[in-house]
>>> print(open('model-v2.pdb').read())   # PDB, C-alpha atoms and all ligand atoms
ATOM      1  CA  MET A 117       6.747 -12.803   4.422  1.00  0.00           C
ATOM      2  CA  SER A 118       3.573 -11.650   6.141  1.00  0.00           C
ATOM      3  CA  GLU A 119       3.273 -14.314   8.812  1.00  0.00           C
ATOM      4  CA  ARG A 120       2.314 -12.786  12.144  1.00  0.00           C
ATOM      5  CA  ILE A 121       3.829 -13.811  15.420  1.00  0.00           C
ATOM      6  CA  ALA A 122       2.762 -12.924  18.949  1.00  0.00           C
ATOM      7  CA  PHE A 123       4.343  -9.829  20.404  1.00  0.00           C
ATOM      8  CA  ASP A 124       5.837 -10.164  23.893  1.00  0.00           C
ATOM      9  CA  ALA A 125       4.598  -6.843  25.294  1.00  0.00           C
ATOM     10  CA  ASP A 126       5.860  -7.434  28.860  1.00  0.00           C
ATOM     11  CA  ASN A 127       9.378  -8.219  27.751  1.00  0.00           C
ATOM     12  CA  TYR A 128       9.339  -5.231  25.409  1.00  0.00           C
ATOM     13  CA  ALA A 129       8.122  -2.878  28.153  1.00  0.00           C
ATOM     14  CA  ARG A 130      10.849  -4.130  30.491  1.00  0.00           C
ATOM     15  CA  ARG A 131      13.499  -3.538  27.885  1.00  0.00           C
ATOM     16  CA  VAL A 132      12.451  -0.039  26.854  1.00  0.00           C
ATOM     17  CA  ARG A 133      11.872   1.101  30.434  1.00  0.00           C
ATOM     18  CA  ARG A 134      15.055  -0.331  31.964  1.00  0.00           C
ATOM     19  CA  GLY A 135      17.451  -0.540  29.048  1.00  0.00           C
ATOM     20  CA  PRO A 136      19.463   2.268  27.485  1.00  0.00           C
ATOM     21  CA  CYS A 137      17.872   4.622  24.968  1.00  0.00           C
ATOM     22  CA  PHE A 138      17.712   2.293  21.965  1.00  0.00           C
ATOM     23  CA  ILE A 139      18.146   5.093  19.448  1.00  0.00           C
ATOM     24  CA  CYS A 140      21.229   6.469  21.194  1.00  0.00           C
ATOM     25  CA  ALA A 141      22.556   2.902  21.442  1.00  0.00           C
ATOM     26  CA  LEU A 142      22.070   2.510  17.692  1.00  0.00           C
ATOM     27  CA  ALA A 143      23.580   5.937  17.031  1.00  0.00           C
ATOM     28  CA  SER A 144      26.689   5.089  19.000  1.00  0.00           C
ATOM     29  CA  GLY A 145      27.120   1.805  17.141  1.00  0.00           C
ATOM     30  CA  ASP A 146      26.311  -0.541  20.038  1.00  0.00           C
ATOM     31  CA  ALA A 147      26.858  -4.011  18.555  1.00  0.00           C
ATOM     32  CA  GLU A 148      23.788  -5.645  20.105  1.00  0.00           C
ATOM     33  CA  TYR A 149      21.449  -2.914  18.893  1.00  0.00           C
ATOM     34  CA  ARG A 150      23.096  -2.784  15.476  1.00  0.00           C
ATOM     35  CA  LEU A 151      22.544  -6.511  15.120  1.00  0.00           C
ATOM     36  CA  ALA A 152      18.895  -6.301  16.155  1.00  0.00           C
ATOM     37  CA  ASN A 153      17.973  -3.393  13.874  1.00  0.00           C
ATOM     38  CA  VAL A 154      18.309  -3.099  10.120  1.00  0.00           C
ATOM     39  CA  MET A 155      19.616   0.306   9.098  1.00  0.00           C
ATOM     40  CA  ILE A 156      18.437   2.050   5.947  1.00  0.00           C
ATOM     41  CA  TYR A 157      20.323   5.323   6.142  1.00  0.00           C
ATOM     42  CA  GLU A 158      22.278   7.446   8.589  1.00  0.00           C
ATOM     43  CA  ASP A 159      24.312  10.607   8.626  1.00  0.00           C
ATOM     44  CA  GLN A 160      25.372  13.075  11.273  1.00  0.00           C
ATOM     45  CA  ASP A 161      21.799  14.285  11.777  1.00  0.00           C
ATOM     46  CA  VAL A 162      19.436  11.402  11.114  1.00  0.00           C
ATOM     47  CA  LEU A 163      18.957   7.655  11.580  1.00  0.00           C
ATOM     48  CA  VAL A 164      16.549   5.676   9.409  1.00  0.00           C
ATOM     49  CA  PHE A 165      15.919   1.986  10.086  1.00  0.00           C
ATOM     50  CA  LEU A 166      13.273  -0.686   9.851  1.00  0.00           C
ATOM     51  CA  ASN A 167      11.002  -1.025  12.856  1.00  0.00           C
ATOM     52  CA  ARG A 168      12.284  -4.024  14.763  1.00  0.00           C
ATOM     53  CA  TYR A 169       8.667  -4.889  15.636  1.00  0.00           C
ATOM     54  CA  PRO A 170       6.819  -4.280  12.380  1.00  0.00           C
ATOM     55  CA  THR A 171       3.054  -4.514  12.241  1.00  0.00           C
ATOM     56  CA  LEU A 172       3.103  -3.556   8.555  1.00  0.00           C
ATOM     57  CA  LEU A 173       5.624  -4.483   5.904  1.00  0.00           C
ATOM     58  CA  GLY A 174       7.988  -1.573   5.289  1.00  0.00           C
ATOM     59  CA  TYR A 175       7.381   0.007   8.696  1.00  0.00           C
ATOM     60  CA  THR A 176      10.300   2.398   9.156  1.00  0.00           C
ATOM     61  CA  LEU A 177      11.495   4.772  11.877  1.00  0.00           C
ATOM     62  CA  VAL A 178      13.118   8.166  11.263  1.00  0.00           C
ATOM     63  CA  CYS A 179      14.972   9.756  14.194  1.00  0.00           C
ATOM     64  CA  PRO A 180      17.263  12.651  14.935  1.00  0.00           C
ATOM     65  CA  ARG A 181      20.675  11.303  15.858  1.00  0.00           C
ATOM     66  CA  ARG A 182      20.950  13.514  18.926  1.00  0.00           C
ATOM     67  CA  HIS A 183      18.859  12.645  21.936  1.00  0.00           C
ATOM     68  CA  VAL A 184      15.908  15.003  22.058  1.00  0.00           C
ATOM     69  CA  GLU A 185      12.516  14.263  23.542  1.00  0.00           C
ATOM     70  CA  ARG A 186       9.992  16.948  22.729  1.00  0.00           C
ATOM     71  CA  VAL A 187       8.486  16.376  19.315  1.00  0.00           C
ATOM     72  CA  VAL A 188       8.578  20.036  18.336  1.00  0.00           C
ATOM     73  CA  GLY A 189       9.822  21.809  21.474  1.00  0.00           C
ATOM     74  CA  ASP A 190      13.375  20.489  21.300  1.00  0.00           C
ATOM     75  CA  PHE A 191      13.986  21.624  17.726  1.00  0.00           C
ATOM     76  CA  ALA A 192      14.796  24.902  16.132  1.00  0.00           C
ATOM     77  CA  GLU A 193      12.394  25.425  13.232  1.00  0.00           C
ATOM     78  CA  ASP A 194      15.066  24.855  10.577  1.00  0.00           C
ATOM     79  CA  GLU A 195      16.299  21.693  12.226  1.00  0.00           C
ATOM     80  CA  TYR A 196      12.751  20.390  12.504  1.00  0.00           C
ATOM     81  CA  PHE A 197      12.066  20.930   8.836  1.00  0.00           C
ATOM     82  CA  GLN A 198      15.375  19.345   7.858  1.00  0.00           C
ATOM     83  CA  LEU A 199      14.306  16.242   9.735  1.00  0.00           C
ATOM     84  CA  GLN A 200      10.852  16.360   8.170  1.00  0.00           C
ATOM     85  CA  ARG A 201      12.549  16.431   4.784  1.00  0.00           C
ATOM     86  CA  TRP A 202      13.849  12.969   5.664  1.00  0.00           C
ATOM     87  CA  VAL A 203      10.368  11.886   6.730  1.00  0.00           C
ATOM     88  CA  TYR A 204       9.157  13.016   3.308  1.00  0.00           C
ATOM     89  CA  ARG A 205      11.968  11.318   1.393  1.00  0.00           C
ATOM     90  CA  VAL A 206      11.706   8.074   3.305  1.00  0.00           C
ATOM     91  CA  GLY A 207       7.933   8.075   2.851  1.00  0.00           C
ATOM     92  CA  ARG A 208       8.364   8.514  -0.890  1.00  0.00           C
ATOM     93  CA  ALA A 209      10.914   5.717  -0.979  1.00  0.00           C
ATOM     94  CA  ILE A 210       8.684   3.334   1.004  1.00  0.00           C
ATOM     95  CA  GLU A 211       5.781   4.018  -1.357  1.00  0.00           C
ATOM     96  CA  GLN A 212       7.953   3.015  -4.294  1.00  0.00           C
ATOM     97  CA  VAL A 213       8.869  -0.301  -2.711  1.00  0.00           C
ATOM     98  CA  ILE A 214       5.689  -1.300  -0.883  1.00  0.00           C
ATOM     99  CA  GLU A 215       2.243  -1.055  -2.399  1.00  0.00           C
ATOM    100  CA  THR A 216       0.716   1.586  -0.143  1.00  0.00           C
ATOM    101  CA  GLU A 217      -2.915   2.602   0.068  1.00  0.00           C
ATOM    102  CA  ARG A 218      -2.180   5.080   2.829  1.00  0.00           C
ATOM    103  CA  LEU A 219       1.067   6.041   4.495  1.00  0.00           C
ATOM    104  CA  TYR A 220       0.734   6.587   8.223  1.00  0.00           C
ATOM    105  CA  VAL A 221       3.160   9.062   9.805  1.00  0.00           C
ATOM    106  CA  LEU A 222       3.148   9.436  13.544  1.00  0.00           C
ATOM    107  CA  SER A 223       5.298  10.237  16.533  1.00  0.00           C
ATOM    108  CA  LEU A 224       4.629   8.378  19.760  1.00  0.00           C
ATOM    109  CA  GLY A 225       7.044   7.588  22.594  1.00  0.00           C
ATOM    110  CA  SER A 226       6.876   7.871  26.367  1.00  0.00           C
ATOM    111  CA  GLN A 227       8.774   9.710  29.069  1.00  0.00           C
ATOM    112  CA  GLN A 228       8.727   6.377  30.910  1.00  0.00           C
ATOM    113  CA  GLY A 229      10.219   4.373  28.084  1.00  0.00           C
ATOM    114  CA  ASN A 230      10.960   5.468  24.529  1.00  0.00           C
ATOM    115  CA  ARG A 231      11.975   9.059  25.244  1.00  0.00           C
ATOM    116  CA  HIS A 232      14.098   9.758  22.170  1.00  0.00           C
ATOM    117  CA  VAL A 233      11.767  11.352  19.678  1.00  0.00           C
ATOM    118  CA  HIS A 234      11.161   9.429  16.455  1.00  0.00           C
ATOM    119  CA  TRP A 235       8.702   9.234  13.594  1.00  0.00           C
ATOM    120  CA  HIS A 236       6.902   6.092  12.514  1.00  0.00           C
ATOM    121  CA  LEU A 237       6.296   5.639   8.790  1.00  0.00           C
ATOM    122  CA  ALA A 238       3.894   2.763   8.360  1.00  0.00           C
ATOM    123  CA  PRO A 239       2.528   1.882   4.909  1.00  0.00           C
ATOM    124  CA  LEU A 240      -0.977   0.435   4.931  1.00  0.00           C
ATOM    125  CA  PRO A 241      -1.342  -1.957   2.002  1.00  0.00           C
ATOM    126  CA  PRO A 242      -4.516  -2.041  -0.099  1.00  0.00           C
ATOM    127  CA  GLY A 243      -7.298  -4.401   0.873  1.00  0.00           C
ATOM    128  CA  VAL A 244      -7.200  -4.036   4.654  1.00  0.00           C
ATOM    129  CA  ALA A 245     -10.671  -3.990   6.222  1.00  0.00           C
ATOM    130  CA  TYR A 246     -11.718  -0.605   7.606  1.00  0.00           C
ATOM    131  CA  GLU A 247     -11.738  -1.835  11.212  1.00  0.00           C
ATOM    132  CA  ASP A 248      -8.181  -3.112  10.802  1.00  0.00           C
ATOM    133  CA  GLN A 249      -6.821   0.212   9.514  1.00  0.00           C
ATOM    134  CA  GLN A 250      -5.428   3.252  11.371  1.00  0.00           C
ATOM    135  CA  LEU A 251      -4.471   2.557  15.017  1.00  0.00           C
ATOM    136  CA  ALA A 252      -5.457  -1.110  14.714  1.00  0.00           C
ATOM    137  CA  ALA A 253      -3.000  -1.517  11.848  1.00  0.00           C
ATOM    138  CA  VAL A 254      -0.038  -0.275  13.885  1.00  0.00           C
ATOM    139  CA  SER A 255      -0.972  -1.890  17.203  1.00  0.00           C
ATOM    140  CA  MET A 256       1.530  -4.512  18.326  1.00  0.00           C
ATOM    141  CA  ASN A 257      -1.198  -6.135  20.412  1.00  0.00           C
ATOM    142  CA  ARG A 258      -2.314  -7.950  17.295  1.00  0.00           C
ATOM    143  CA  GLY A 259       1.105  -9.433  16.748  1.00  0.00           C
ATOM    144  CA  ILE A 260       4.010  -8.398  14.565  1.00  0.00           C
ATOM    145  CA  LEU A 261       5.249  -9.538  11.182  1.00  0.00           C
ATOM    146  CA  ARG A 262       7.948 -12.133  11.169  1.00  0.00           C
ATOM    147  CA  LEU A 263      10.721 -11.148   8.774  1.00  0.00           C
ATOM    148  CA  GLU A 264      13.741 -13.335   8.248  1.00  0.00           C
ATOM    149  CA  PRO A 265      16.979 -11.361   8.573  1.00  0.00           C
ATOM    150  CA  HIS A 266      17.662 -11.629   4.841  1.00  0.00           C
ATOM    151  CA  GLU A 267      14.125 -10.424   4.045  1.00  0.00           C
ATOM    152  CA  ALA A 268      14.576  -7.400   6.295  1.00  0.00           C
ATOM    153  CA  ARG A 269      17.974  -6.613   4.771  1.00  0.00           C
ATOM    154  CA  ASN A 270      16.558  -6.939   1.280  1.00  0.00           C
ATOM    155  CA  LEU A 271      13.668  -4.627   2.133  1.00  0.00           C
ATOM    156  CA  ALA A 272      16.040  -2.072   3.673  1.00  0.00           C
ATOM    157  CA  ASP A 273      18.269  -2.260   0.588  1.00  0.00           C
ATOM    158  CA  GLN A 274      15.302  -1.540  -1.690  1.00  0.00           C
ATOM    159  CA  ILE A 275      14.106   1.405   0.401  1.00  0.00           C
ATOM    160  CA  ARG A 276      17.661   2.792   0.608  1.00  0.00           C
ATOM    161  CA  GLU A 277      18.100   2.536  -3.140  1.00  0.00           C
ATOM    162  CA  ARG A 278      14.907   4.538  -3.759  1.00  0.00           C
ATOM    163  CA  LEU A 279      15.735   6.967  -0.998  1.00  0.00           C
ATOM    164  CA  LEU A 280      19.110   7.838  -2.423  1.00  0.00           C
ATOM    165  CA  ASP A 281      17.649   7.995  -5.947  1.00  0.00           C
ATOM    166  CA  GLU A 282      15.219  10.742  -4.976  1.00  0.00           C
ATOM    167  CA  PRO A 283      16.296  14.172  -6.160  1.00  0.00           C
ATOM    168  CA  SER A 284      16.979  16.278  -3.082  1.00  0.00           C
TER
HETATM  169 ZN    ZN A 301      18.426   8.744  22.827  1.00  0.00          ZN
END
>>> encode(input="model-v2.pdb", output="C-alpha cells")
Amino acid sequence: MSERIAFDADNYARRVRRGPCFICALASGDAEYRLANVMIYEDQDVLVFLNRYPTLLGYTLVCPRRHVERVVGDFAEDEYFQLQRWVYRVGRAIEQVIETERLYVLSLGSQQGNRHVHWHLAPLPPGVAYEDQQLAAVSMNRGILRLEPHEARNLADQIRERLLDEPS
C-alpha cells in the first residue's frame, strides 16, 4: 500500500492552472472529478476527500463548499470556526484509522492555480527520519503513494465511519 510512484509535476501544474477549480468541480458533481477523487464526507457547507496525490497514507483535504480564496479573510468568524470544527473532527478520525505520530494541518494554494481555499490534514506515521518529516513529508517532489482504487475507497470508508461516530 505504501509504494511510491513518480509525481508528474508539469502535468499537474498544467491541469490546476488551466483547468476548472477542482473543488468547485467536485462540489458540483462533475463526473470526471468525482471519479478521480474519493469522497469521505460532504454537506451543504463542507467537502472532505482523500488527497488525490497523497504523500502520506490518510492524507485528506477539508474544504468549504463555496468558492472562497482567502484563508481567513473570506470567512465570517463563525463560519471559519464551523469549518475548523470539521478540520478537528476529520483529524480525530484520521488518527483513529492511521497510526499517527504527528498530524500536519496546513493551508496552501495559489492565486495562479489552486485558488479555492482548503486544508491539508496529513498524518505522519511513526518512524520517519527527522529529515524526512515536516515539509519533506508532504512534498510531492519525492513521489506520491500509489493507492489502488479499492484501497482508497476502503480508507475513506474507515475515516468516514470514525468521523460520523465522533460526538459532535
Ligand atoms: Zn472553487
>>> residues_near_ligand(input="model-v2.pdb", ligand="ligand ZN 301 (chain A)", cutoff="9 Å", atoms="all atoms listed in the file", output="MDAnalysis selection string")
chainID A and resid 136:143 180:185 230:233
>>> write_last_selection(input="model-v2.pdb", atoms="C-alpha atoms", output="mmCIF file, in the coordinates of the input")
data_model
loop_
_atom_site.group_PDB
_atom_site.id
_atom_site.type_symbol
_atom_site.label_atom_id
_atom_site.label_comp_id
_atom_site.auth_asym_id
_atom_site.auth_seq_id
_atom_site.Cartn_x
_atom_site.Cartn_y
_atom_site.Cartn_z
ATOM 1 C CA PRO A 136 19.463 2.268 27.485
ATOM 2 C CA CYS A 137 17.872 4.622 24.968
ATOM 3 C CA PHE A 138 17.712 2.293 21.965
ATOM 4 C CA ILE A 139 18.146 5.093 19.448
ATOM 5 C CA CYS A 140 21.229 6.469 21.194
ATOM 6 C CA ALA A 141 22.556 2.902 21.442
ATOM 7 C CA LEU A 142 22.070 2.510 17.692
ATOM 8 C CA ALA A 143 23.580 5.937 17.031
ATOM 9 C CA PRO A 180 17.263 12.651 14.935
ATOM 10 C CA ARG A 181 20.675 11.303 15.858
ATOM 11 C CA ARG A 182 20.950 13.514 18.926
ATOM 12 C CA HIS A 183 18.859 12.645 21.936
ATOM 13 C CA VAL A 184 15.908 15.003 22.058
ATOM 14 C CA GLU A 185 12.516 14.263 23.542
ATOM 15 C CA ASN A 230 10.960 5.468 24.529
ATOM 16 C CA ARG A 231 11.975 9.059 25.244
ATOM 17 C CA HIS A 232 14.098 9.758 22.170
ATOM 18 C CA VAL A 233 11.767 11.352 19.678
#
>>> closest_residue(input="model-v2.pdb", among="A:Val221, A:Pro242, A:Asp159, A:Gly174", to="Glu267 in chain A", atoms="all atoms listed in the file")
A:Gly174
>>> atom_distance(input="model-v2.pdb", atom1="CA of Arg208 in chain A", atom2="CA of Asn257 in chain A")
27.6 Å
>>> closest_residue(input="model-v2.pdb", among="A:Val178, A:Val206, A:Val254, A:Met155", to="Asn270 in chain A", atoms="all atoms listed in the file")
A:Met155
>>> resolve_selection(input="model-v2.pdb", expression="the PyMOL selection byres (((chain A and resi 211) around 10) and not hetatm)", output="JSON, numbers by chain")
{"A": [174, 205, 206, 207, 208, 209, 210, 212, 213, 214, 215, 216, 217, 218, 219, 238, 239, 240, 241, 275, 278]}
>>> residues_around(input="model-v2.pdb", residues="Ala268 in chain A", least_positions_apart="3", cutoff="10 Å", atoms="only C-alpha atoms", output="PDB file with C-alpha atoms, in the coordinates of the input")
ATOM      1  CA  MET A 117       6.747 -12.803   4.422  1.00  0.00           C
ATOM      2  CA  ASN A 153      17.973  -3.393  13.874  1.00  0.00           C
ATOM      3  CA  VAL A 154      18.309  -3.099  10.120  1.00  0.00           C
ATOM      4  CA  MET A 155      19.616   0.306   9.098  1.00  0.00           C
ATOM      5  CA  LEU A 166      13.273  -0.686   9.851  1.00  0.00           C
ATOM      6  CA  ASN A 167      11.002  -1.025  12.856  1.00  0.00           C
ATOM      7  CA  ARG A 168      12.284  -4.024  14.763  1.00  0.00           C
ATOM      8  CA  LEU A 173       5.624  -4.483   5.904  1.00  0.00           C
ATOM      9  CA  GLY A 174       7.988  -1.573   5.289  1.00  0.00           C
ATOM     10  CA  ARG A 262       7.948 -12.133  11.169  1.00  0.00           C
ATOM     11  CA  LEU A 263      10.721 -11.148   8.774  1.00  0.00           C
ATOM     12  CA  GLU A 264      13.741 -13.335   8.248  1.00  0.00           C
ATOM     13  CA  PRO A 265      16.979 -11.361   8.573  1.00  0.00           C
ATOM     14  CA  LEU A 271      13.668  -4.627   2.133  1.00  0.00           C
ATOM     15  CA  ALA A 272      16.040  -2.072   3.673  1.00  0.00           C
ATOM     16  CA  ASP A 273      18.269  -2.260   0.588  1.00  0.00           C
ATOM     17  CA  GLN A 274      15.302  -1.540  -1.690  1.00  0.00           C
TER      18      GLN A 274
END
>>> atom_distance(input="model-v2.pdb", atom1="CA of Arg276 in chain A", atom2="CA of Ile260 in chain A")
22.5 Å
>>> atom_distance(input="model-v2.pdb", atom1="CA of Phe165 in chain A", atom2="CA of His236 in chain A")
10.2 Å
>>> residues_near_point(input="model-v2.pdb", point="(6.4, -6.2, 22.1)", cutoff="9 Å", atoms="only C-alpha atoms", output="number ranges by chain")
A: 122-129, 169, 256-257, 259-260
>>> closest_residue(input="model-v2.pdb", among="A:Leu177, A:Leu172, A:Val188, A:Val244", to="Tyr157 in chain A", atoms="all atoms listed in the file")
A:Leu177
>>> residues_around(input="model-v2.pdb", residues="Leu199 in chain A", least_positions_apart="4", cutoff="9 Å", atoms="all atoms listed in the file", output="list in words")
Asp161, Val162, Val178, Cys179, Pro180, Asp194, Glu195, Val203 and Tyr204 of chain A
